[in-house]
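Okay, upload15.tsv is below, TSV, C-alpha atoms:
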chain	number	residue	atom	x	y	z
A	53	MET	CA	212.60	114.82	18.14
A	54	THR	CA	211.76	115.14	14.46
A	55	PHE	CA	212.27	112.32	11.99
A	56	SER	CA	215.09	114.19	10.25
A	57	THR	CA	216.97	114.46	13.55
A	58	ARG	CA	216.41	110.79	14.36
A	59	THR	CA	217.92	109.67	11.09
A	60	GLN	CA	221.19	111.33	12.07
A	61	LEU	CA	221.62	108.80	14.87
A	62	THR	CA	222.49	105.15	14.35
A	63	ALA	CA	220.23	102.47	15.81
A	64	GLU	CA	222.88	101.77	18.45
A	65	GLN	CA	222.95	105.43	19.45
A	66	ARG	CA	219.17	105.62	19.62
A	67	VAL	CA	218.99	102.57	21.91
A	68	SER	CA	221.65	104.08	24.20
A	69	LYS	CA	219.90	107.43	24.28
A	70	ALA	CA	216.53	105.81	25.01
A	71	LEU	CA	218.08	103.93	27.96
A	72	VAL	CA	219.41	107.15	29.45
A	73	ASN	CA	216.04	108.86	28.95
A	74	ILE	CA	214.22	106.02	30.69
A	75	ILE	CA	216.59	105.92	33.67
A	76	ASP	CA	216.24	109.68	34.09
A	77	HIS	CA	212.44	109.53	34.12
A	78	ARG	CA	210.87	109.68	37.58
A	79	ASN	CA	208.72	106.58	36.93
A	80	TYR	CA	211.69	104.37	36.10
A	81	ILE	CA	214.56	105.39	38.39
A	82	ALA	CA	213.98	102.22	40.41
A	83	LEU	CA	214.48	100.10	37.28
A	84	ALA	CA	217.97	101.43	36.52
A	85	GLY	CA	219.82	98.32	37.71
A	86	VAL	CA	217.64	95.95	35.68
A	87	LEU	CA	217.73	98.22	32.63
A	88	MET	CA	221.53	98.19	32.57
A	89	MET	CA	221.84	94.46	33.20
A	90	GLY	CA	223.18	92.17	30.45
A	91	SER	CA	224.38	93.04	26.98
A	92	LYS	CA	222.42	95.01	24.37
A	93	GLU	CA	223.13	94.50	20.71
A	94	VAL	CA	221.59	95.88	17.52
A	95	ARG	CA	221.57	93.25	14.76
A	96	ASP	CA	220.49	92.99	11.15
A	97	ASP	CA	219.08	89.46	11.56
A	98	VAL	CA	216.63	90.23	14.39
A	99	PRO	CA	213.10	91.07	13.13
A	100	THR	CA	212.05	93.19	16.11
A	101	ALA	CA	213.58	92.53	19.54
A	102	CYS	CA	214.44	89.53	21.71
A	103	THR	CA	215.70	88.68	25.20
A	104	ASN	CA	216.87	85.55	27.01
A	105	GLY	CA	216.12	87.13	30.37
A	106	ARG	CA	219.57	88.67	30.66
A	107	ASP	CA	220.74	89.93	27.26
A	108	GLU	CA	218.78	91.88	24.66
A	109	TRP	CA	218.90	92.06	20.86
A	110	TYR	CA	217.24	94.75	18.77
A	111	GLY	CA	216.55	94.63	15.04
A	112	ARG	CA	218.21	97.52	13.22
A	113	GLU	CA	215.40	98.03	10.72
A	114	PHE	CA	212.75	97.83	13.43
A	115	VAL	CA	214.53	100.34	15.68
A	116	ASP	CA	214.86	102.75	12.75
A	117	SER	CA	211.11	102.49	12.10
A	118	LEU	CA	210.09	103.48	15.65
A	119	THR	CA	209.45	106.90	17.12
A	120	ASP	CA	211.32	107.77	20.30
A	121	PRO	CA	208.34	106.99	22.58
A	122	GLU	CA	207.83	103.65	20.77
A	123	LEU	CA	211.50	102.74	21.19
A	124	ARG	CA	211.33	103.50	24.89
A	125	PHE	CA	208.25	101.27	25.13
A	126	LEU	CA	210.16	98.45	23.43
A	127	ILE	CA	213.15	98.75	25.76
A	128	LEU	CA	210.89	98.79	28.83
A	129	HIS	CA	209.10	95.73	27.46
A	130	GLU	CA	212.36	93.75	27.39
A	131	CYS	CA	213.30	95.13	30.82
A	132	TYR	CA	210.08	93.83	32.39
A	133	HIS	CA	210.70	90.37	30.94
A	134	LYS	CA	213.97	90.41	32.89
A	135	LEU	CA	212.51	91.98	36.03
A	136	TYR	CA	209.85	89.28	36.34
A	137	ARG	CA	212.23	86.52	35.16
A	138	HIS	CA	209.53	85.38	32.74
A	139	LEU	CA	211.75	82.98	30.79
A	140	THR	CA	212.56	80.89	33.84
A	141	THR	CA	209.54	81.44	36.08
A	142	TRP	CA	207.07	80.44	33.35
A	143	LYS	CA	209.12	77.78	31.56
A	144	HIS	CA	206.45	75.20	32.39
A	145	LEU	CA	203.90	77.30	30.49
A	146	HIS	CA	206.22	77.46	27.48
A	147	ASP	CA	206.54	73.65	27.57
A	148	LYS	CA	202.75	73.34	27.57
A	149	ASP	CA	202.04	75.86	24.78
A	150	HIS	CA	204.87	77.98	23.40
A	151	ARG	CA	202.64	80.50	21.62
A	152	LEU	CA	200.24	81.13	24.51
A	153	ALA	CA	203.12	81.50	26.97
A	154	ASN	CA	204.56	84.28	24.81
A	155	ILE	CA	201.17	85.96	24.48
A	156	ALA	CA	200.41	85.77	28.22
A	157	CYS	CA	203.73	87.33	29.23
A	158	ASP	CA	203.30	90.13	26.70
A	159	HIS	CA	199.78	91.01	27.88
A	160	VAL	CA	201.04	91.38	31.47
A	161	ILE	CA	204.04	93.53	30.53
A	162	ASN	CA	202.23	95.84	28.12
A	163	LEU	CA	199.40	96.45	30.56
A	164	GLN	CA	202.00	97.30	33.19
A	165	ILE	CA	203.75	99.84	30.96
A	166	LEU	CA	200.48	101.42	29.86
A	167	SER	CA	199.26	101.67	33.46
A	168	ASP	CA	202.34	103.73	34.38
A	169	LYS	CA	200.85	106.61	32.33
A	170	SER	CA	204.32	108.08	31.81
A	171	VAL	CA	204.42	111.55	30.26
A	172	ASN	CA	207.05	114.17	29.48
A	173	ASP	CA	207.15	117.51	31.28
A	174	ASP	CA	205.17	119.06	28.42
A	175	GLY	CA	202.38	116.50	28.82
A	176	THR	CA	203.23	114.43	25.73
A	177	LEU	CA	203.52	110.67	26.05
A	178	PHE	CA	206.91	109.41	27.20
A	179	VAL	CA	206.17	105.89	25.97
A	180	GLU	CA	203.80	104.66	23.28
A	181	MET	CA	203.07	101.13	22.13
A	182	PRO	CA	204.55	100.58	18.64
A	183	ARG	CA	202.14	100.69	15.69
A	184	CYS	CA	202.36	99.00	12.34
A	185	LYS	CA	203.40	101.74	9.92
A	186	GLU	CA	201.32	100.25	7.08
A	187	THR	CA	198.03	99.76	8.92
A	188	GLY	CA	198.35	102.03	11.95
A	189	GLN	CA	197.29	99.12	14.19
A	190	LEU	CA	198.91	98.59	17.58
A	191	MET	CA	201.52	95.83	17.45
A	192	GLY	CA	201.38	94.85	21.12
A	193	LEU	CA	198.96	92.79	23.19
A	194	ALA	CA	197.21	94.53	26.08
A	195	ASP	CA	193.72	93.20	26.78
A	196	THR	CA	192.39	95.05	29.83
A	197	ARG	CA	190.43	92.00	31.00
A	198	PHE	CA	193.83	90.68	32.15
A	199	SER	CA	194.63	93.71	34.31
A	200	GLU	CA	196.21	92.86	37.68
A	201	MET	CA	196.81	89.23	36.61
A	202	ASN	CA	200.12	87.38	36.41
A	203	SER	CA	201.23	85.48	33.33
A	204	GLU	CA	200.00	82.10	34.53
A	205	GLN	CA	196.51	83.42	35.21
A	206	VAL	CA	196.37	84.94	31.73
A	207	PHE	CA	197.76	81.75	30.20
A	208	ASN	CA	195.14	79.58	31.91
A	209	ILE	CA	192.30	81.72	30.55
A	210	LEU	CA	193.71	81.72	27.02
A	211	TYR	CA	194.39	77.98	27.15
A	212	ALA	CA	190.84	77.21	28.29
A	213	GLU	CA	189.42	79.41	25.54
A	214	GLN	CA	191.62	77.70	22.96
A	215	GLU	CA	190.44	74.25	24.08
A	216	GLU	CA	186.80	75.34	23.89
A	217	GLN	CA	187.31	76.59	20.34
A	218	GLN	CA	189.01	73.37	19.32
A	219	GLN	CA	186.28	71.19	20.85
A	220	SER	CA	183.51	73.18	19.21
A	221	GLY	CA	185.23	73.11	15.84
A	222	GLU	CA	185.43	76.89	15.70
A	223	SER	CA	188.39	78.52	14.06
A	224	GLU	CA	190.74	79.86	16.69
A	225	GLN	CA	190.53	83.57	17.36
A	226	GLY	CA	194.14	84.68	17.28
A	227	ASP	CA	195.43	87.20	19.81
A	228	GLY	CA	198.30	88.24	17.58
A	229	GLU	CA	201.90	87.39	18.25
A	230	GLY	CA	203.23	90.50	19.96
A	231	PHE	CA	206.19	92.47	18.65
A	232	ASP	CA	209.19	90.69	20.19
A	233	ASP	CA	210.68	87.21	20.46
A	234	HIS	CA	211.43	85.31	23.66
A	235	ASP	CA	214.57	83.18	23.75
A	236	TRP	CA	213.35	80.45	26.11
A	237	GLU	CA	216.01	78.04	24.89
A	238	GLY	CA	218.75	80.59	25.47
A	239	ALA	CA	217.54	81.13	29.02
A	240	GLU	CA	217.50	77.39	29.66
A	241	SER	CA	221.00	76.95	28.22
A	242	MET	CA	222.57	79.17	30.87
A	243	SER	CA	224.62	77.18	33.36
A	244	ASP	CA	223.39	76.78	36.93
A	245	GLU	CA	226.08	79.25	38.00
A	246	GLU	CA	224.95	81.81	35.41
A	247	GLN	CA	221.30	81.44	36.42
A	248	GLN	CA	222.16	81.81	40.10
A	249	GLN	CA	224.28	84.87	39.39
A	250	LEU	CA	221.50	86.42	37.31
A	251	ALA	CA	218.94	85.79	40.06
A	252	GLU	CA	221.20	87.49	42.60
A	253	GLN	CA	221.81	90.44	40.28
A	254	ILE	CA	218.10	90.97	39.67
A	255	ASP	CA	217.29	90.69	43.36
A	256	THR	CA	220.00	93.20	44.25
A	257	ALA	CA	218.85	95.55	41.49
A	258	ILE	CA	215.26	95.42	42.75
A	259	ARG	CA	216.18	96.27	46.33
A	260	GLN	CA	218.75	98.93	45.44
A	261	GLY	CA	216.32	100.44	42.94
A	262	ALA	CA	213.65	100.84	45.60
A	263	LEU	CA	216.16	102.51	47.93
A	264	THR	CA	217.39	104.86	45.20
A	265	ALA	CA	213.86	105.87	44.22
A	266	GLY	CA	213.10	106.66	47.85
A	267	LYS	CA	216.23	108.77	48.27
A	268	VAL	CA	215.60	110.92	45.21
A	269	GLY	CA	211.94	111.35	46.07
A	270	SER	CA	210.50	109.68	42.97
A	271	GLY	CA	207.22	107.85	43.16
A	272	GLY	CA	209.05	104.55	42.82
A	273	ASN	CA	207.86	101.97	40.33
A	274	ARG	CA	204.65	100.00	40.74
A	275	ALA	CA	206.20	96.77	39.47
A	276	ILE	CA	209.02	96.89	42.00
A	277	ASP	CA	206.71	98.15	44.73
A	278	SER	CA	204.43	95.14	44.20
A	279	LEU	CA	207.37	92.73	44.36
A	280	LEU	CA	208.58	94.29	47.60
A	281	GLN	CA	205.18	94.64	49.28
A	282	PRO	CA	204.62	92.08	52.06
A	283	GLU	CA	201.22	90.42	51.84
A	284	ILE	CA	200.86	88.78	55.24
A	285	ASN	CA	200.05	90.68	58.43
A	286	TRP	CA	202.82	89.03	60.41
A	287	VAL	CA	201.91	90.75	63.67
A	288	ASP	CA	198.61	88.87	63.77
A	289	VAL	CA	199.73	85.64	62.13
A	290	LEU	CA	202.89	85.07	64.16
A	291	SER	CA	201.33	86.29	67.39
A	292	GLU	CA	198.46	83.82	67.01
A	293	PHE	CA	200.85	81.07	65.91
A	294	VAL	CA	203.20	81.45	68.88
A	295	THR	CA	200.31	81.84	71.33
A	296	GLU	CA	198.70	78.61	70.10
A	297	THR	CA	201.92	76.60	70.07
A	298	CYS	CA	202.97	77.82	73.52
A	299	ARG	CA	199.58	77.31	75.13
A	300	GLY	CA	199.85	75.66	78.54
A	301	THR	CA	203.29	77.13	79.31
A	302	ASP	CA	204.24	80.19	81.35
A	303	TYR	CA	202.78	82.79	79.02
A	304	SER	CA	204.26	85.88	80.68
A	305	THR	CA	207.90	85.98	81.64
A	306	TYR	CA	210.27	88.43	83.32
A	307	ALA	CA	213.20	86.73	81.59
A	308	ARG	CA	212.44	88.92	78.58
A	309	PRO	CA	211.25	92.32	79.88
A	310	ASN	CA	208.55	94.06	77.91
A	311	ARG	CA	210.39	96.84	76.04
A	312	ARG	CA	207.20	98.87	75.72
A	313	TYR	CA	207.43	99.79	79.42
A	314	MET	CA	211.19	99.87	80.02
A	315	SER	CA	211.52	103.43	78.65
A	316	ALA	CA	209.12	104.53	81.40
A	317	GLY	CA	211.21	102.80	84.07
A	318	MET	CA	208.72	99.96	84.50
A	319	TYR	CA	210.05	96.39	84.59
A	320	MET	CA	207.17	94.31	83.24
A	321	PRO	CA	207.06	90.77	81.83
A	322	SER	CA	206.63	90.22	78.12
A	323	GLY	CA	204.03	87.92	76.65
A	324	VAL	CA	205.25	85.12	74.47
A	325	SER	CA	203.00	86.45	71.73
A	326	GLU	CA	204.67	89.85	71.95
A	327	GLN	CA	208.27	88.72	71.69
A	328	VAL	CA	210.09	85.84	70.02
A	329	ASP	CA	213.49	84.93	71.46
A	330	GLU	CA	214.99	83.20	68.38
A	331	LEU	CA	213.29	82.70	65.03
A	332	VAL	CA	214.53	80.60	62.12
A	333	ILE	CA	213.39	81.63	58.64
A	334	ALA	CA	214.10	78.82	56.17
A	335	ILE	CA	213.81	80.07	52.58
A	336	ASP	CA	213.42	77.65	49.67
A	337	THR	CA	215.96	78.51	46.93
A	338	SER	CA	215.57	75.34	44.86
A	339	GLY	CA	215.45	75.37	41.07
A	340	SER	CA	211.68	75.87	41.02
A	341	ILE	CA	212.06	79.24	42.74
A	342	GLY	CA	212.38	82.12	40.30
A	343	GLN	CA	213.29	85.73	41.01
A	344	ALA	CA	209.67	86.76	41.51
A	345	GLU	CA	209.20	84.05	44.14
A	346	LEU	CA	212.45	84.88	45.94
A	347	THR	CA	211.66	88.58	45.99
A	348	LYS	CA	208.20	87.82	47.39
A	349	PHE	CA	209.75	85.63	50.12
A	350	LEU	CA	212.08	88.48	51.10
A	351	SER	CA	209.11	90.84	51.14
A	352	GLU	CA	207.44	88.60	53.70
A	353	VAL	CA	210.68	88.43	55.68
A	354	GLN	CA	210.62	92.23	55.69
A	355	GLY	CA	207.14	91.99	57.19
A	356	VAL	CA	208.50	89.84	60.02
A	357	VAL	CA	211.50	92.11	60.57
A	358	SER	CA	209.42	95.29	60.60
A	359	ASN	CA	206.49	94.18	62.69
A	360	VAL	CA	207.49	91.37	65.05
A	361	ASN	CA	209.57	91.75	68.21
A	362	VAL	CA	212.41	89.23	67.74
A	363	ASN	CA	215.69	89.01	69.65
A	364	LYS	CA	217.54	86.96	67.01
A	365	ILE	CA	216.76	85.78	63.49
A	366	ARG	CA	218.60	83.01	61.68
A	367	VAL	CA	218.02	82.80	57.91
A	368	LEU	CA	218.66	79.43	56.24
A	369	TYR	CA	218.65	79.23	52.43
A	370	TRP	CA	218.09	75.64	51.31
A	371	ASP	CA	217.50	73.32	48.35
A	372	THR	CA	218.79	69.76	49.01
A	373	LYS	CA	221.28	71.19	51.50
A	374	ILE	CA	221.76	74.36	53.50
A	375	CYS	CA	223.27	76.79	51.01
A	376	ALA	CA	223.68	79.75	53.37
A	377	ASP	CA	223.30	80.37	57.11
A	378	GLU	CA	222.95	83.98	58.28
A	379	THR	CA	222.38	85.13	61.86
A	380	TYR	CA	221.12	88.57	62.85
A	381	GLU	CA	221.10	89.78	66.44
A	382	ALA	CA	218.52	92.32	67.61
A	383	GLU	CA	220.62	95.36	66.68
A	384	ASP	CA	221.22	94.02	63.15
A	385	ILE	CA	217.74	92.74	62.30
A	386	ASP	CA	216.61	95.96	60.61
A	387	ARG	CA	219.25	95.53	57.89
A	388	LEU	CA	218.49	91.83	57.22
A	389	VAL	CA	216.63	92.23	53.93
A	390	GLU	CA	219.12	94.81	52.70
A	391	SER	CA	222.22	92.71	53.41
A	392	THR	CA	221.09	89.10	52.98
A	393	LYS	CA	222.69	87.02	50.21
A	394	PRO	CA	220.41	84.24	48.89
A	395	ALA	CA	222.06	81.07	47.61
A	396	GLY	CA	220.86	77.79	46.11
A	397	GLY	CA	219.30	76.57	42.90
A	398	GLY	CA	219.35	72.77	43.13
A	399	GLY	CA	216.68	70.20	43.99
A	400	THR	CA	214.22	70.34	46.88
A	401	ASP	CA	214.49	68.42	50.17
A	402	ILE	CA	213.13	70.07	53.32
A	403	SER	CA	214.72	67.39	55.53
A	404	CYS	CA	218.07	69.12	55.04
A	405	VAL	CA	216.76	71.93	57.26
A	406	ASN	CA	215.77	69.48	60.01
A	407	GLU	CA	219.14	67.71	59.83
A	408	TYR	CA	221.14	70.94	59.83
A	409	MET	CA	219.28	72.34	62.85
A	410	ALA	CA	219.84	69.10	64.76
A	411	GLU	CA	223.52	68.93	63.82
A	412	HIS	CA	224.19	72.53	64.90
A	413	ASN	CA	221.96	72.39	67.98
A	414	ILE	CA	219.64	75.12	66.69
A	415	ASN	CA	216.52	75.23	68.88
A	416	PRO	CA	214.44	78.30	67.95
A	417	GLN	CA	211.17	79.28	69.51
A	418	ALA	CA	209.61	78.90	66.07
A	419	VAL	CA	210.49	78.23	62.41
A	420	ILE	CA	208.99	79.95	59.37
A	421	VAL	CA	209.49	78.06	56.11
A	422	CYS	CA	209.05	80.04	52.87
A	423	THR	CA	208.46	77.70	49.93
A	424	ASP	CA	206.40	77.17	46.81
A	425	GLY	CA	205.19	73.88	48.31
A	426	TYR	CA	206.64	71.65	45.58
A	427	LEU	CA	208.82	69.61	47.90
A	428	GLY	CA	208.97	66.29	46.07
A	429	GLY	CA	208.75	64.43	49.37
A	430	ASP	CA	207.38	64.78	52.90
A	431	TRP	CA	207.10	67.95	54.98
A	432	GLY	CA	209.93	67.11	57.35
A	433	THR	CA	210.22	66.29	61.04
A	434	TRP	CA	210.29	69.27	63.37
A	435	ASN	CA	211.33	69.78	66.99
A	436	SER	CA	210.13	73.38	66.96
A	437	PRO	CA	206.74	74.81	65.97
A	438	VAL	CA	206.73	75.44	62.20
A	439	LEU	CA	204.76	77.99	60.20
A	440	TRP	CA	204.67	77.50	56.41
A	441	CYS	CA	204.51	80.52	54.10
A	442	ILE	CA	203.45	78.86	50.83
A	443	LEU	CA	203.62	80.87	47.64
A	444	GLY	CA	201.38	80.32	44.61
A	445	HIS	CA	200.36	76.72	45.45
A	446	ASP	CA	196.93	76.91	47.04
A	447	THR	CA	196.43	73.13	47.14
A	448	ALA	CA	199.59	72.46	49.18
A	449	ARG	CA	198.57	71.21	52.62
A	450	PRO	CA	201.42	70.41	55.07
A	451	ASN	CA	200.75	67.54	57.47
A	452	VAL	CA	202.73	69.31	60.19
A	453	GLY	CA	202.62	72.85	61.50
A	454	THR	CA	200.45	75.77	60.35
A	455	ALA	CA	200.23	77.09	56.79
A	456	VAL	CA	199.44	80.47	55.28
A	457	HIS	CA	199.17	80.92	51.52
A	458	VAL	CA	200.51	83.93	49.65
A	459	ASN	CA	199.77	85.00	46.08
A	460	LEU	CA	202.58	85.85	43.70
Is it possible to express this structure as structure tokens?
Amino acid sequence: MTFSTRTQLTAEQRVSKALVNIIDHRNYIALAGVLMMGSKEVRDDVPTACTNGRDEWYGREFVDSLTDPELRFLILHECYHKLYRHLTTWKHLHDKDHRLANIACDHVINLQILSDKSVNDDGTLFVEMPRCKETGQLMGLADTRFSEMNSEQVFNILYAEQEEQQQSGESEQGDGEGFDDHDWEGAESMSDEEQQQLAEQIDTAIRQGALTAGKVGSGGNRAIDSLLQPEINWVDVLSEFVTETCRGTDYSTYARPNRRYMSAGMYMPSGVSEQVDELVIAIDTSGSIGQAELTKFLSEVQGVVSNVNVNKIRVLYWDTKICADETYEAEDIDRLVESTKPAGGGGTDISCVNEYMAEHNINPQAVIVCTDGYLGGDWGTWNSPVLWCILGHDTARPNVGTAVHVNL
């Protein structure tokens, strides 16, 4: 589109058109739900762009100064802030150093957009990082040494470098300030109900986006694919876990026939390691769990569902109480991740799971607890073998059960 044609459209029209273009592009079909989430407003008092993790504001003068590929880059930038729930997930980084938190998040997002290598059908760039019109310099932050890192990893490197510069008396080497603002305070001011609703909307958008991309035959989106990709080999982990915890008992049993041989007319016993009668998956949905963490937990649940032979799964969402109890029989297990409805958002007290299971006479063969490990108390008292799936907290060491650690 030539400049003369662009000037015929208002900033509001250009933002709307850019959204449609992005959603139609094969690389971003999976992001449609997140892209359309929240309100979008063009304002005269916004220097560039801003988001609170739900809503977006675009500066009229800035939008008018951008080419179409640059405007699409800007809109995707705000979308990825929402997708990763940066303004809630990394609030503790903001509290430690506001400037570096902004910089770290921007590095991660810009590197993600650039790595997509999105082009038009004619080979021209579909998105381009905005440049300063006076100097021609790129306005965004995208240091390739931070490739494949999350915002906290980038923040820690920048923070350590800043401390070294301060201790040595060197003048700080600025990384720039990026080209958008982040409304951390606006994100924090949302009510608990609003934050919970937003988390559910983002989670639903992520899962529906992946399904839509698969149906239309697009390549999906690497950001969503990474959030949905299970990290643990649950066949090996759970098999070893159940074998160890059931050692000394009748390992093979005809009470649960081995389904591998039934189709051939052979009635053979199943090994305990091959089949789990009832499994409880207790998922931490306390206030410290952001959308990225919850999505990762559900990815690991998908790994269990897809690869482990289970007769019944009960999913318990918990914070200081059980916020949701869902049961899936064998014929329904395949749709668990698609249909589950996470709930929670309060404090953290794992004992509520123990108490609830005792009160409702729930006696599974094993329990998997998905948590970030910040429990604020003890690790609970268990009547069933417990396997901890701990996310992003490598130093967490439960004093009961077996633990596996997962990276975010």
- [ ] Could you please give me, as a PyMOL selection string, the residues of protein, DNA or RNA lying at most 9 Å from (212.5, 85.7, 53.2) in the coordinate frame of the file, considering all atoms listed in the file?
- [x] chain A and resi 333-336+346-354+356+367+369+389+421-422
Counting all atoms listed in the file, which residues come within 8 Å of (221.3, 85.9, 69.0), with the point read in the file's coordinates, and could you list them as an mmCIF file with C-alpha atoms, keeping the file's coordinate frame?
data_model
loop_
_atom_site.group_PDB
_atom_site.id
_atom_site.type_symbol
_atom_site.label_atom_id
_atom_site.label_comp_id
_atom_site.auth_asym_id
_atom_site.auth_seq_id
_atom_site.Cartn_x
_atom_site.Cartn_y
_atom_site.Cartn_z
ATOM 1 C CA GLU A 330 214.990 83.200 68.380
ATOM 2 C CA ASN A 363 215.690 89.010 69.650
ATOM 3 C CA LYS A 364 217.540 86.960 67.010
ATOM 4 C CA ILE A 365 216.760 85.780 63.490
ATOM 5 C CA THR A 379 222.380 85.130 61.860
ATOM 6 C CA TYR A 380 221.120 88.570 62.850
ATOM 7 C CA GLU A 381 221.100 89.780 66.440
ATOM 8 C CA ALA A 382 218.520 92.320 67.610
#
Task: Selected residue, from A:Leu128, A:Leu177, A:Val332, A:Leu193, that lies nearest to Val72 (chain A) when counting only C-alpha atoms - done: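 Residue with the minimum atom-to-atom distance to Val72 (chain A): A:Leu128.
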Task: Å distance separating CA of Arg183 (chain A) from CA of Asp76 (chain A), one decimal place - done: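 Pair CA of Arg183 (chain A) / CA of Asp76 (chain A) returns 24.9 Å.
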- [ ] Rank nothing, just name the residue among A:Cys404, A:Val179, A:Leu166, A:Val98 nearest to Asp195 (chain A), using all atoms listed in the file.
- [x]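 Using all atoms listed in the file, the shortest distance to Asp195 (chain A) belongs to A:Leu166.
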- [ ] Tell me which protein, DNA and RNA residues are within 9 Å of Glu240 (chain A), counting all atoms listed in the file, leaving out same-chain ones fewer than 2 positions away, and put them as a ChimeraX atom specification.
- [x] /A:104,139-140,143,235-238,242-243,247
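Residues lying within 9 Å of Glu93 (chain A), counting all atoms listed in the file and ignoring same-chain neighbours fewer than 4 positions away, are A:Glu64, A:Asp107, A:Glu108, A:Trp109, A:Tyr110, A:Gly111.
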Task: CA of Phe125 (chain A) to CA of Asn73 (chain A), straight-line distance in Å - done: 11.5 Å
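Counting all atoms listed in the file and comparing A:Asp96, A:Asp158, A:Asp244, A:Asp371, the residue that lies closest to Cys131 (chain A) is A:Asp158.
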- [ ] Can you work out which one of A:Tyr136, A:Gln219, A:His159, A:Thr392 has the shortest atom-to-atom distance to Ser199 (chain A), counting only C-alpha atoms?
- [x]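 Closest residue, counting only C-alpha atoms: A:His159.
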Task: Long-range neighbours of Met201 (chain A) as a count of residues only, 10 Å cut-off, all atoms listed in the file, 2 positions minimum in chain - done: 14
Task: Coordinates-based distance that separates CA of Met89 (chain A) from CA of Arg124 (chain A) (Å, one decimal) - done: 16.2 Å
